>>> print(open('data09.pdb').read())   # PDB, C-alpha atoms, pLDDT in the B column
ATOM      1  CA  MET Z   1     -87.388 110.925 -14.735  1.00 48.00           C
ATOM      2  CA  ILE Z   2     -83.693 111.796 -14.858  1.00 50.00           C
ATOM      3  CA  TRP Z   3     -83.053 109.542 -17.856  1.00 43.00           C
ATOM      4  CA  LEU Z   4     -86.068 111.011 -19.661  1.00 43.00           C
ATOM      5  CA  LEU Z   5     -84.794 114.545 -19.085  1.00 45.00           C
ATOM      6  CA  ALA Z   6     -81.352 113.509 -20.307  1.00 46.00           C
ATOM      7  CA  LEU Z   7     -82.897 112.041 -23.454  1.00 45.00           C
ATOM      8  CA  GLN Z   8     -84.834 115.238 -24.146  1.00 48.00           C
ATOM      9  CA  ILE Z   9     -81.663 117.290 -23.765  1.00 48.00           C
ATOM     10  CA  ALA Z  10     -79.689 114.917 -25.983  1.00 50.00           C
ATOM     11  CA  VAL Z  11     -82.184 115.115 -28.839  1.00 56.00           C
ATOM     12  CA  GLY Z  12     -81.971 118.856 -29.304  1.00 78.00           C
ATOM     13  CA  PRO Z  13     -82.147 121.111 -32.379  1.00 82.00           C
ATOM     14  CA  ALA Z  14     -78.581 120.303 -33.457  1.00 86.00           C
ATOM     15  CA  GLN Z  15     -79.315 116.583 -33.509  1.00 89.00           C
ATOM     16  CA  HIS Z  16     -82.553 117.106 -35.450  1.00 86.00           C
ATOM     17  CA  TYR Z  17     -80.646 119.263 -37.931  1.00 87.00           C
ATOM     18  CA  GLU Z  18     -77.879 116.691 -38.415  1.00 89.00           C
ATOM     19  CA  LYS Z  19     -80.494 114.001 -38.998  1.00 89.00           C
ATOM     20  CA  ALA Z  20     -82.271 116.267 -41.489  1.00 85.00           C
ATOM     21  CA  LYS Z  21     -78.996 116.788 -43.374  1.00 86.00           C
ATOM     22  CA  GLN Z  22     -78.489 113.034 -43.623  1.00 88.00           C
ATOM     23  CA  GLU Z  23     -82.034 112.511 -44.875  1.00 86.00           C
ATOM     24  CA  PHE Z  24     -81.611 115.332 -47.401  1.00 86.00           C
ATOM     25  CA  ALA Z  25     -78.381 113.808 -48.732  1.00 86.00           C
ATOM     26  CA  GLN Z  26     -80.213 110.498 -49.152  1.00 86.00           C
ATOM     27  CA  ARG Z  27     -83.081 112.304 -50.915  1.00 85.00           C
ATOM     28  CA  GLU Z  28     -85.494 111.274 -48.160  1.00 89.00           C
ATOM     29  CA  PHE Z  29     -87.185 114.641 -48.350  1.00 86.00           C
ATOM     30  CA  SER Z  30     -90.293 113.954 -46.253  1.00 88.00           C
ATOM     31  CA  ALA Z  31     -88.191 112.671 -43.373  1.00 89.00           C
ATOM     32  CA  ALA Z  32     -85.813 115.612 -43.748  1.00 88.00           C
ATOM     33  CA  VAL Z  33     -88.710 118.071 -43.526  1.00 89.00           C
ATOM     34  CA  SER Z  34     -89.921 116.468 -40.292  1.00 89.00           C
ATOM     35  CA  GLU Z  35     -86.462 116.657 -38.725  1.00 88.00           C
ATOM     36  CA  VAL Z  36     -85.743 120.220 -39.814  1.00 88.00           C
ATOM     37  CA  ASP Z  37     -89.154 121.353 -38.560  1.00 89.00           C
ATOM     38  CA  ALA Z  38     -88.354 119.740 -35.210  1.00 90.00           C
ATOM     39  CA  ALA Z  39     -85.049 121.629 -35.081  1.00 88.00           C
ATOM     40  CA  LEU Z  40     -86.747 124.945 -35.901  1.00 90.00           C
ATOM     41  CA  HIS Z  41     -89.517 124.310 -33.388  1.00 87.00           C
ATOM     42  CA  GLU Z  42     -86.881 124.287 -30.668  1.00 89.00           C
ATOM     43  CA  SER Z  43     -84.628 126.941 -32.218  1.00 89.00           C
ATOM     44  CA  PRO Z  44     -86.573 129.173 -34.672  1.00 89.00           C
ATOM     45  CA  ASN Z  45     -83.523 131.251 -35.682  1.00 91.00           C
ATOM     46  CA  MET Z  46     -81.161 128.339 -36.310  1.00 91.00           C
ATOM     47  CA  VAL Z  47     -79.617 129.559 -39.555  1.00 93.00           C
ATOM     48  CA  PRO Z  48     -78.371 126.238 -41.014  1.00 93.00           C
ATOM     49  CA  ALA Z  49     -81.794 124.679 -40.387  1.00 92.00           C
ATOM     50  CA  LEU Z  50     -83.547 127.637 -42.032  1.00 94.00           C
ATOM     51  CA  VAL Z  51     -81.303 127.281 -45.086  1.00 94.00           C
ATOM     52  CA  LEU Z  52     -81.967 123.556 -45.268  1.00 93.00           C
ATOM     53  CA  LYS Z  53     -85.710 124.115 -44.970  1.00 94.00           C
ATOM     54  CA  ALA Z  54     -85.454 126.620 -47.820  1.00 95.00           C
ATOM     55  CA  ARG Z  55     -83.656 124.072 -49.993  1.00 94.00           C
ATOM     56  CA  LEU Z  56     -86.311 121.481 -49.205  1.00 93.00           C
ATOM     57  CA  ALA Z  57     -89.018 124.012 -50.072  1.00 93.00           C
ATOM     58  CA  VAL Z  58     -87.417 124.556 -53.485  1.00 92.00           C
ATOM     59  CA  PHE Z  59     -87.653 120.811 -54.162  1.00 89.00           C
ATOM     60  CA  ALA Z  60     -91.299 120.932 -53.051  1.00 91.00           C
ATOM     61  CA  HIS Z  61     -91.984 123.845 -55.448  1.00 92.00           C
ATOM     62  CA  ARG Z  62     -92.742 126.209 -52.575  1.00 94.00           C
ATOM     63  CA  PRO Z  63     -90.725 129.321 -53.453  1.00 95.00           C
ATOM     64  CA  ASP Z  64     -92.699 131.399 -50.946  1.00 95.00           C
ATOM     65  CA  VAL Z  65     -91.507 129.194 -48.084  1.00 95.00           C
ATOM     66  CA  ALA Z  66     -87.945 129.112 -49.408  1.00 95.00           C
ATOM     67  CA  LYS Z  67     -87.740 132.886 -49.686  1.00 96.00           C
ATOM     68  CA  SER Z  68     -89.231 133.415 -46.227  1.00 96.00           C
ATOM     69  CA  CYS Z  69     -86.758 130.994 -44.614  1.00 95.00           C
ATOM     70  CA  LEU Z  70     -83.745 132.564 -46.317  1.00 96.00           C
ATOM     71  CA  ILE Z  71     -84.735 136.118 -45.405  1.00 96.00           C
ATOM     72  CA  THR Z  72     -85.295 135.003 -41.808  1.00 96.00           C
ATOM     73  CA  ALA Z  73     -81.844 133.370 -41.832  1.00 96.00           C
ATOM     74  CA  ILE Z  74     -80.135 136.513 -43.107  1.00 96.00           C
ATOM     75  CA  THR Z  75     -82.001 138.668 -40.599  1.00 95.00           C
ATOM     76  CA  ALA Z  76     -80.797 136.353 -37.829  1.00 95.00           C
ATOM     77  CA  ASP Z  77     -77.207 136.311 -39.124  1.00 95.00           C
ATOM     78  CA  PRO Z  78     -76.248 138.687 -41.970  1.00 95.00           C
ATOM     79  CA  THR Z  79     -72.716 137.251 -41.905  1.00 96.00           C
ATOM     80  CA  SER Z  80     -73.863 133.751 -42.911  1.00 96.00           C
ATOM     81  CA  GLU Z  81     -72.232 133.038 -46.279  1.00 96.00           C
ATOM     82  CA  GLU Z  82     -74.484 130.015 -46.713  1.00 96.00           C
ATOM     83  CA  ALA Z  83     -77.697 132.013 -46.224  1.00 96.00           C
ATOM     84  CA  GLN Z  84     -76.547 134.887 -48.450  1.00 97.00           C
ATOM     85  CA  PHE Z  85     -75.446 132.479 -51.178  1.00 97.00           C
ATOM     86  CA  PHE Z  86     -78.636 130.440 -51.184  1.00 97.00           C
ATOM     87  CA  LEU Z  87     -80.779 133.585 -51.276  1.00 97.00           C
ATOM     88  CA  GLY Z  88     -78.827 134.763 -54.323  1.00 97.00           C
ATOM     89  CA  ALA Z  89     -79.093 131.314 -55.900  1.00 97.00           C
ATOM     90  CA  PHE Z  90     -82.826 131.292 -55.148  1.00 97.00           C
ATOM     91  CA  TYR Z  91     -83.342 134.626 -56.914  1.00 97.00           C
ATOM     92  CA  TYR Z  92     -81.277 133.392 -59.862  1.00 97.00           C
ATOM     93  CA  GLN Z  93     -83.377 130.246 -60.171  1.00 95.00           C
ATOM     94  CA  GLN Z  94     -86.525 132.395 -60.033  1.00 95.00           C
ATOM     95  CA  ASN Z  95     -85.110 134.540 -62.880  1.00 96.00           C
ATOM     96  CA  ASP Z  96     -84.948 137.558 -60.565  1.00 96.00           C
ATOM     97  CA  PHE Z  97     -81.423 138.262 -61.758  1.00 97.00           C
ATOM     98  CA  LYS Z  98     -81.055 141.809 -60.480  1.00 97.00           C
ATOM     99  CA  LEU Z  99     -82.181 140.759 -56.995  1.00 97.00           C
ATOM    100  CA  ALA Z 100     -79.650 137.913 -57.041  1.00 97.00           C
ATOM    101  CA  ILE Z 101     -76.611 140.185 -57.340  1.00 98.00           C
ATOM    102  CA  SER Z 102     -76.562 141.742 -53.856  1.00 97.00           C
ATOM    103  CA  PRO Z 103     -76.707 138.551 -51.747  1.00 97.00           C
ATOM    104  CA  LEU Z 104     -74.273 136.794 -54.063  1.00 98.00           C
ATOM    105  CA  GLN Z 105     -71.815 139.683 -53.782  1.00 98.00           C
ATOM    106  CA  THR Z 106     -72.228 139.633 -50.007  1.00 97.00           C
ATOM    107  CA  ALA Z 107     -71.545 135.882 -49.957  1.00 97.00           C
ATOM    108  CA  GLN Z 108     -68.466 136.457 -52.113  1.00 97.00           C
ATOM    109  CA  ALA Z 109     -67.191 139.125 -49.713  1.00 97.00           C
ATOM    110  CA  ILE Z 110     -67.738 136.841 -46.706  1.00 97.00           C
ATOM    111  CA  ALA Z 111     -66.061 133.833 -48.356  1.00 96.00           C
ATOM    112  CA  PRO Z 112     -63.745 135.148 -51.098  1.00 96.00           C
ATOM    113  CA  LYS Z 113     -62.172 131.722 -51.703  1.00 95.00           C
ATOM    114  CA  SER Z 114     -65.474 129.962 -52.349  1.00 95.00           C
ATOM    115  CA  PRO Z 115     -66.166 129.414 -56.074  1.00 96.00           C
ATOM    116  CA  LEU Z 116     -69.961 129.123 -55.813  1.00 96.00           C
ATOM    117  CA  PRO Z 117     -70.922 132.789 -55.216  1.00 97.00           C
ATOM    118  CA  VAL Z 118     -68.635 133.850 -58.081  1.00 98.00           C
ATOM    119  CA  PHE Z 119     -70.047 131.097 -60.296  1.00 98.00           C
ATOM    120  CA  TYR Z 120     -73.627 132.220 -59.709  1.00 98.00           C
ATOM    121  CA  LEU Z 121     -72.620 135.828 -60.220  1.00 98.00           C
ATOM    122  CA  ALA Z 122     -71.159 134.786 -63.587  1.00 98.00           C
ATOM    123  CA  MET Z 123     -74.387 133.071 -64.618  1.00 98.00           C
ATOM    124  CA  THR Z 124     -76.405 136.054 -63.365  1.00 98.00           C
ATOM    125  CA  GLN Z 125     -74.342 138.537 -65.377  1.00 98.00           C
ATOM    126  CA  GLU Z 126     -74.651 136.264 -68.406  1.00 98.00           C
ATOM    127  CA  ALA Z 127     -78.432 136.216 -67.995  1.00 97.00           C
ATOM    128  CA  LEU Z 128     -78.425 140.023 -67.781  1.00 97.00           C
ATOM    129  CA  GLY Z 129     -76.467 140.223 -71.049  1.00 96.00           C
ATOM    130  CA  ASN Z 130     -73.258 141.523 -69.484  1.00 97.00           C
ATOM    131  CA  ALA Z 131     -70.911 139.272 -71.452  1.00 97.00           C
ATOM    132  CA  ALA Z 132     -67.608 140.906 -70.503  1.00 97.00           C
ATOM    133  CA  LYS Z 133     -68.420 140.808 -66.777  1.00 97.00           C
ATOM    134  CA  ALA Z 134     -69.695 137.243 -67.048  1.00 98.00           C
ATOM    135  CA  LEU Z 135     -66.495 136.141 -68.765  1.00 97.00           C
ATOM    136  CA  GLU Z 136     -64.382 137.701 -66.023  1.00 97.00           C
ATOM    137  CA  LEU Z 137     -66.444 136.010 -63.304  1.00 98.00           C
ATOM    138  CA  TYR Z 138     -66.418 132.594 -64.990  1.00 98.00           C
ATOM    139  CA  GLN Z 139     -62.633 132.784 -65.106  1.00 97.00           C
ATOM    140  CA  GLN Z 140     -62.550 133.709 -61.411  1.00 97.00           C
ATOM    141  CA  ALA Z 141     -64.783 130.734 -60.616  1.00 97.00           C
ATOM    142  CA  GLU Z 142     -62.453 128.459 -62.591  1.00 96.00           C
ATOM    143  CA  ASN Z 143     -59.416 129.803 -60.741  1.00 95.00           C
ATOM    144  CA  LEU Z 144     -61.129 129.039 -57.436  1.00 95.00           C
ATOM    145  CA  SER Z 145     -61.950 125.455 -58.509  1.00 89.00           C
ATOM    146  CA  PRO Z 146     -58.597 123.685 -58.961  1.00 77.00           C
ATOM    147  CA  ASP Z 147     -59.828 120.283 -57.795  1.00 81.00           C
ATOM    148  CA  LYS Z 148     -61.511 117.757 -60.073  1.00 88.00           C
ATOM    149  CA  SER Z 149     -64.991 117.284 -58.646  1.00 90.00           C
ATOM    150  CA  PRO Z 150     -68.676 117.346 -59.641  1.00 90.00           C
ATOM    151  CA  GLN Z 151     -68.801 120.951 -58.392  1.00 91.00           C
ATOM    152  CA  SER Z 152     -65.933 122.052 -60.621  1.00 94.00           C
ATOM    153  CA  ALA Z 153     -67.512 120.061 -63.461  1.00 95.00           C
ATOM    154  CA  SER Z 154     -70.708 122.123 -63.152  1.00 95.00           C
ATOM    155  CA  ILE Z 155     -68.663 125.319 -63.347  1.00 96.00           C
ATOM    156  CA  PHE Z 156     -66.778 124.135 -66.433  1.00 97.00           C
ATOM    157  CA  VAL Z 157     -69.991 123.025 -68.152  1.00 97.00           C
ATOM    158  CA  ALA Z 158     -71.574 126.449 -67.682  1.00 97.00           C
ATOM    159  CA  TYR Z 159     -68.343 128.226 -68.668  1.00 97.00           C
ATOM    160  CA  GLY Z 160     -68.047 126.059 -71.781  1.00 97.00           C
ATOM    161  CA  ARG Z 161     -71.683 126.658 -72.708  1.00 97.00           C
ATOM    162  CA  PHE Z 162     -71.126 130.401 -72.389  1.00 98.00           C
ATOM    163  CA  LEU Z 163     -68.018 130.266 -74.595  1.00 98.00           C
ATOM    164  CA  PHE Z 164     -69.985 128.189 -77.122  1.00 97.00           C
ATOM    165  CA  SER Z 165     -72.647 130.916 -77.255  1.00 96.00           C
ATOM    166  CA  MET Z 166     -69.877 133.383 -78.100  1.00 96.00           C
ATOM    167  CA  GLY Z 167     -68.670 131.238 -81.008  1.00 95.00           C
ATOM    168  CA  ARG Z 168     -65.463 130.253 -79.183  1.00 97.00           C
ATOM    169  CA  TYR Z 169     -65.873 126.570 -79.935  1.00 97.00           C
ATOM    170  CA  MET Z 170     -62.324 125.354 -79.257  1.00 97.00           C
ATOM    171  CA  ASP Z 171     -62.272 127.122 -75.895  1.00 97.00           C
ATOM    172  CA  SER Z 172     -65.667 125.626 -75.149  1.00 98.00           C
ATOM    173  CA  ILE Z 173     -64.401 122.124 -75.965  1.00 98.00           C
ATOM    174  CA  GLU Z 174     -61.462 122.591 -73.604  1.00 97.00           C
ATOM    175  CA  LYS Z 175     -63.810 123.490 -70.723  1.00 97.00           C
ATOM    176  CA  ASP Z 176     -66.100 120.562 -71.526  1.00 97.00           C
ATOM    177  CA  ARG Z 177     -63.175 118.130 -71.434  1.00 97.00           C
ATOM    178  CA  ARG Z 178     -62.128 119.521 -68.059  1.00 96.00           C
ATOM    179  CA  ALA Z 179     -65.704 119.082 -66.844  1.00 96.00           C
ATOM    180  CA  ILE Z 180     -65.564 115.410 -67.810  1.00 96.00           C
ATOM    181  CA  GLU Z 181     -62.257 115.060 -65.951  1.00 95.00           C
ATOM    182  CA  GLY Z 182     -64.079 116.326 -62.861  1.00 94.00           C
ATOM    183  CA  ASP Z 183     -67.174 114.191 -63.365  1.00 95.00           C
ATOM    184  CA  ALA Z 184     -67.120 111.490 -66.037  1.00 95.00           C
ATOM    185  CA  GLU Z 185     -70.820 110.817 -65.354  1.00 95.00           C
ATOM    186  CA  SER Z 186     -71.945 114.339 -66.237  1.00 95.00           C
ATOM    187  CA  ARG Z 187     -74.535 114.077 -69.009  1.00 96.00           C
ATOM    188  CA  ASP Z 188     -74.396 117.841 -69.532  1.00 97.00           C
ATOM    189  CA  ALA Z 189     -70.625 117.782 -70.062  1.00 97.00           C
ATOM    190  CA  HIS Z 190     -70.733 115.011 -72.670  1.00 98.00           C
ATOM    191  CA  TYR Z 191     -73.613 116.704 -74.474  1.00 98.00           C
ATOM    192  CA  GLU Z 192     -71.927 120.102 -74.534  1.00 98.00           C
ATOM    193  CA  LEU Z 193     -68.700 118.493 -75.758  1.00 98.00           C
ATOM    194  CA  ALA Z 194     -70.661 116.787 -78.536  1.00 98.00           C
ATOM    195  CA  LYS Z 195     -72.072 120.169 -79.604  1.00 98.00           C
ATOM    196  CA  GLY Z 196     -68.606 121.713 -79.693  1.00 97.00           C
ATOM    197  CA  LEU Z 197     -67.133 118.837 -81.693  1.00 98.00           C
ATOM    198  CA  ASP Z 198     -70.050 119.109 -84.101  1.00 98.00           C
ATOM    199  CA  GLN Z 199     -69.243 122.783 -84.712  1.00 97.00           C
ATOM    200  CA  GLU Z 200     -65.591 121.865 -85.329  1.00 96.00           C
ATOM    201  CA  GLY Z 201     -66.588 119.234 -87.907  1.00 96.00           C
ATOM    202  CA  ASP Z 202     -65.600 116.205 -85.824  1.00 97.00           C
ATOM    203  CA  PHE Z 203     -68.926 114.467 -86.353  1.00 97.00           C
ATOM    204  CA  LYS Z 204     -67.757 110.954 -85.417  1.00 97.00           C
ATOM    205  CA  ASP Z 205     -66.412 111.908 -82.002  1.00 98.00           C
ATOM    206  CA  ALA Z 206     -69.408 114.206 -81.485  1.00 97.00           C
ATOM    207  CA  ALA Z 207     -71.748 111.247 -82.039  1.00 98.00           C
ATOM    208  CA  LEU Z 208     -69.749 109.133 -79.586  1.00 98.00           C
ATOM    209  CA  GLU Z 209     -70.046 111.848 -76.925  1.00 98.00           C
ATOM    210  CA  ALA Z 210     -73.761 112.290 -77.541  1.00 97.00           C
ATOM    211  CA  GLU Z 211     -74.360 108.540 -77.362  1.00 97.00           C
ATOM    212  CA  ARG Z 212     -72.425 108.497 -74.088  1.00 97.00           C
ATOM    213  CA  ALA Z 213     -74.572 111.341 -72.758  1.00 97.00           C
ATOM    214  CA  LEU Z 214     -77.692 109.355 -73.603  1.00 95.00           C
ATOM    215  CA  THR Z 215     -76.612 106.544 -71.254  1.00 95.00           C
ATOM    216  CA  LEU Z 216     -76.258 108.860 -68.246  1.00 95.00           C
ATOM    217  CA  PRO Z 217     -78.965 109.997 -65.771  1.00 89.00           C
ATOM    218  CA  GLU Z 218     -81.254 112.742 -67.067  1.00 85.00           C
ATOM    219  CA  LEU Z 219     -80.748 115.689 -64.723  1.00 80.00           C
ATOM    220  CA  GLY Z 220     -80.318 118.738 -66.958  1.00 86.00           C
ATOM    221  CA  THR Z 221     -79.976 117.857 -70.626  1.00 93.00           C
ATOM    222  CA  SER Z 222     -83.046 115.956 -71.824  1.00 94.00           C
ATOM    223  CA  ASP Z 223     -83.207 112.846 -73.989  1.00 95.00           C
ATOM    224  CA  ALA Z 224     -85.006 114.943 -76.600  1.00 95.00           C
ATOM    225  CA  GLN Z 225     -82.067 117.347 -76.913  1.00 96.00           C
ATOM    226  CA  ILE Z 226     -79.613 114.495 -77.379  1.00 97.00           C
ATOM    227  CA  HIS Z 227     -81.789 112.668 -79.918  1.00 97.00           C
ATOM    228  CA  PHE Z 228     -82.144 115.891 -81.924  1.00 97.00           C
ATOM    229  CA  LEU Z 229     -78.361 116.364 -81.983  1.00 97.00           C
ATOM    230  CA  LEU Z 230     -77.734 112.712 -82.883  1.00 98.00           C
ATOM    231  CA  ALA Z 231     -80.232 112.880 -85.750  1.00 97.00           C
ATOM    232  CA  SER Z 232     -78.279 115.793 -87.193  1.00 97.00           C
ATOM    233  CA  LEU Z 233     -74.893 114.130 -86.618  1.00 98.00           C
ATOM    234  CA  TYR Z 234     -75.857 110.836 -88.235  1.00 97.00           C
ATOM    235  CA  LEU Z 235     -77.143 112.676 -91.295  1.00 97.00           C
ATOM    236  CA  LYS Z 236     -73.724 114.320 -91.591  1.00 97.00           C
ATOM    237  CA  LEU Z 237     -72.086 110.902 -91.127  1.00 97.00           C
ATOM    238  CA  LYS Z 238     -74.277 109.542 -93.929  1.00 97.00           C
ATOM    239  CA  GLN Z 239     -76.057 107.053 -91.693  1.00 97.00           C
ATOM    240  CA  PRO Z 240     -79.696 107.835 -92.549  1.00 96.00           C
ATOM    241  CA  ASP Z 241     -81.182 104.876 -90.664  1.00 96.00           C
ATOM    242  CA  LEU Z 242     -79.652 106.018 -87.377  1.00 96.00           C
ATOM    243  CA  ALA Z 243     -80.602 109.623 -88.146  1.00 96.00           C
ATOM    244  CA  LYS Z 244     -84.208 108.555 -88.764  1.00 96.00           C
ATOM    245  CA  MET Z 245     -84.316 106.527 -85.539  1.00 96.00           C
ATOM    246  CA  HIS Z 246     -83.111 109.422 -83.400  1.00 97.00           C
ATOM    247  CA  LEU Z 247     -85.386 111.901 -85.149  1.00 96.00           C
ATOM    248  CA  GLU Z 248     -88.373 109.670 -84.411  1.00 95.00           C
ATOM    249  CA  LYS Z 249     -87.300 109.402 -80.768  1.00 94.00           C
ATOM    250  CA  PHE Z 250     -86.925 113.178 -80.618  1.00 94.00           C
ATOM    251  CA  GLN Z 251     -90.419 113.665 -82.041  1.00 92.00           C
ATOM    252  CA  ALA Z 252     -91.876 111.143 -79.574  1.00 90.00           C
ATOM    253  CA  ALA Z 253     -90.219 112.733 -76.540  1.00 83.00           C
ATOM    254  CA  PRO Z 254     -91.951 115.416 -74.427  1.00 78.00           C
ATOM    255  CA  GLN Z 255     -90.964 118.796 -75.862  1.00 65.00           C
ATOM    256  CA  THR Z 256     -90.209 120.613 -72.637  1.00 54.00           C
ATOM    257  CA  THR Z 257     -86.685 121.850 -73.351  1.00 44.00           C
ATOM    258  CA  THR Z 258     -84.875 123.784 -76.012  1.00 43.00           C
ATOM    259  CA  ARG Z 259     -83.065 121.973 -78.766  1.00 38.00           C
TER
END
>>> encode(input="data09.pdb", output="structure tokens")
Amino acid sequence: MIWLLALQIAVGPAQHYEKAKQEFAQREFSAAVSEVDAALHESPNMVPALVLKARLAVFAHRPDVAKSCLITAITADPTSEEAQFFLGAFYYQQNDFKLAISPLQTAQAIAPKSPLPVFYLAMTQEALGNAAKALELYQQAENLSPDKSPQSASIFVAYGRFLFSMGRYMDSIEKDRRAIEGDAESRDAHYELAKGLDQEGDFKDAALEAERALTLPELGTSDAQIHFLLASLYLKLKQPDLAKMHLEKFQAAPQTTTR
């Protein structure tokens, strides 16, 4: 009986949560859900577990569950930067941009050296059409991301895309190159760089970047987007056979994203 009691104590909410985190990192989502539910069964207001359950709910396309978990987490601990940030990120992903601002600003105030709240604030202000504010926030996010990493790469990709939309193609290219330095396997970064080089008239290097993007895992930028760009580039390079091939692949691909 003593050993059984000791085992029950040992496998507490913290252990279930740590196991859930491991399963989540390995993309074993069903197992992660079971572990995080076990943690919350024993400790219903465990903020990290609530945040993790919210993230799992997003993957499961259950925004109602995600929102409920994050609001519960913030109610339990308003000073949790993680909970405030993920609530803001959740609202951003749901296109509720005005609702995203308050929790993201709170997260920024709690953790002023973290680049992620500032980054999402930049994207939120961009979505709201506040270009000057977005530009200021993107620069802040860059300043807070000195290390070369996939996280900094995501920031540079978004910053470069924003600069591209403003017609600042050379500045956009510079951010895209820095994104690739942070994550050479970023399909988005290679694609965005190809677009910038295209605008600058460097069609050969643009095609090389787009072809590179096509070899990388499809996470954000779709195959259809890349084929459409390559069809245009190969026409400019006077290679009609390659242009025709990519145009046919573009037309055959599911049209679920913008060009």
>>> atom_distance(input="data09.pdb", atom1="atom CA of Ala76 of chain Z", atom2="atom CA of Ser43 of chain Z")
11.6 Å
>>> residues_near_point(input="data09.pdb", point="(-64.8, 137.8, -65.6)", cutoff="10 Å", atoms="only C-alpha atoms", output="list in words")
Val118, Leu121, Ala122, Gln125, Ala131, Ala132, Lys133, Ala134, Leu135, Glu136, Leu137, Tyr138, Gln139, Gln140 and Ala141 of chain Z
>>> resolve_selection(input="data09.pdb", expression="the PyMOL selection byres ((chain Z and resi 238-243) around 12)", output="list in words")
Phe203, Lys204, Ala207, Glu211, Ile226, His227, Phe228, Leu229, Leu230, Ala231, Ser232, Leu233, Tyr234, Leu235, Lys236, Leu237, Lys244, Met245, His246, Leu247, Glu248, Lys249 and Phe250 of chain Z
>>> resolve_selection(input="data09.pdb", expression="the PyMOL selection byres ((chain Z and resi 13) around 10)", output="PyMOL selection string")
chain Z and resi 9-12+14-19+35-44+46+49
>>> closest_residue(input="data09.pdb", among="Z:Tyr91, Z:Ser154, Z:Gln199, Z:Phe162", to="Gly220 of chain Z", atoms="all atoms listed in the file")
Z:Ser154
>>> residues_around(input="data09.pdb", residues="Val157 of chain Z", least_positions_apart="3", cutoff="7 Å", atoms="all atoms listed in the file", output="PyMOL selection string")
chain Z and resi 153-154+160-161+175-176+179+188-189
>>> atom_distance(input="data09.pdb", atom1="atom CA of Ser186 of chain Z", atom2="atom CA of Asn95 of chain Z")
24.3 Å
>>> residues_around(input="data09.pdb", residues="segment 65-67 of chain Z", least_positions_apart="6", cutoff="10 Å", atoms="all atoms listed in the file", output="count of residues only")
15
>>> atom_distance(input="data09.pdb", atom1="atom CA of Pro146 of chain Z", atom2="atom CA of Tyr120 of chain Z")
17.3 Å
>>> residues_around(input="data09.pdb", residues="Phe29 of chain Z", least_positions_apart="4", cutoff="9 Å", atoms="all atoms listed in the file", output="MDAnalysis selection string")
chainID Z and resid 20 23:25 33:34 56 59:60
>>> resolve_selection(input="data09.pdb", expression="the PyMOL selection byres ((chain Z and resi 170) around 12)", output="PyMOL selection string")
chain Z and resi 160-161+163-169+171-177+192-202
>>> residues_around(input="data09.pdb", residues="Ser149 of chain Z", least_positions_apart="5", cutoff="12 Å", atoms="all atoms listed in the file", output="number ranges by chain")
Z: 154-156, 178-186
>>> residues_around(input="data09.pdb", residues="Thr124 of chain Z", least_positions_apart="5", cutoff="9 Å", atoms="all atoms listed in the file", output="JSON, numbers by chain")
{"Z": [92, 95, 97, 98, 100, 101, 119, 129, 130, 134]}
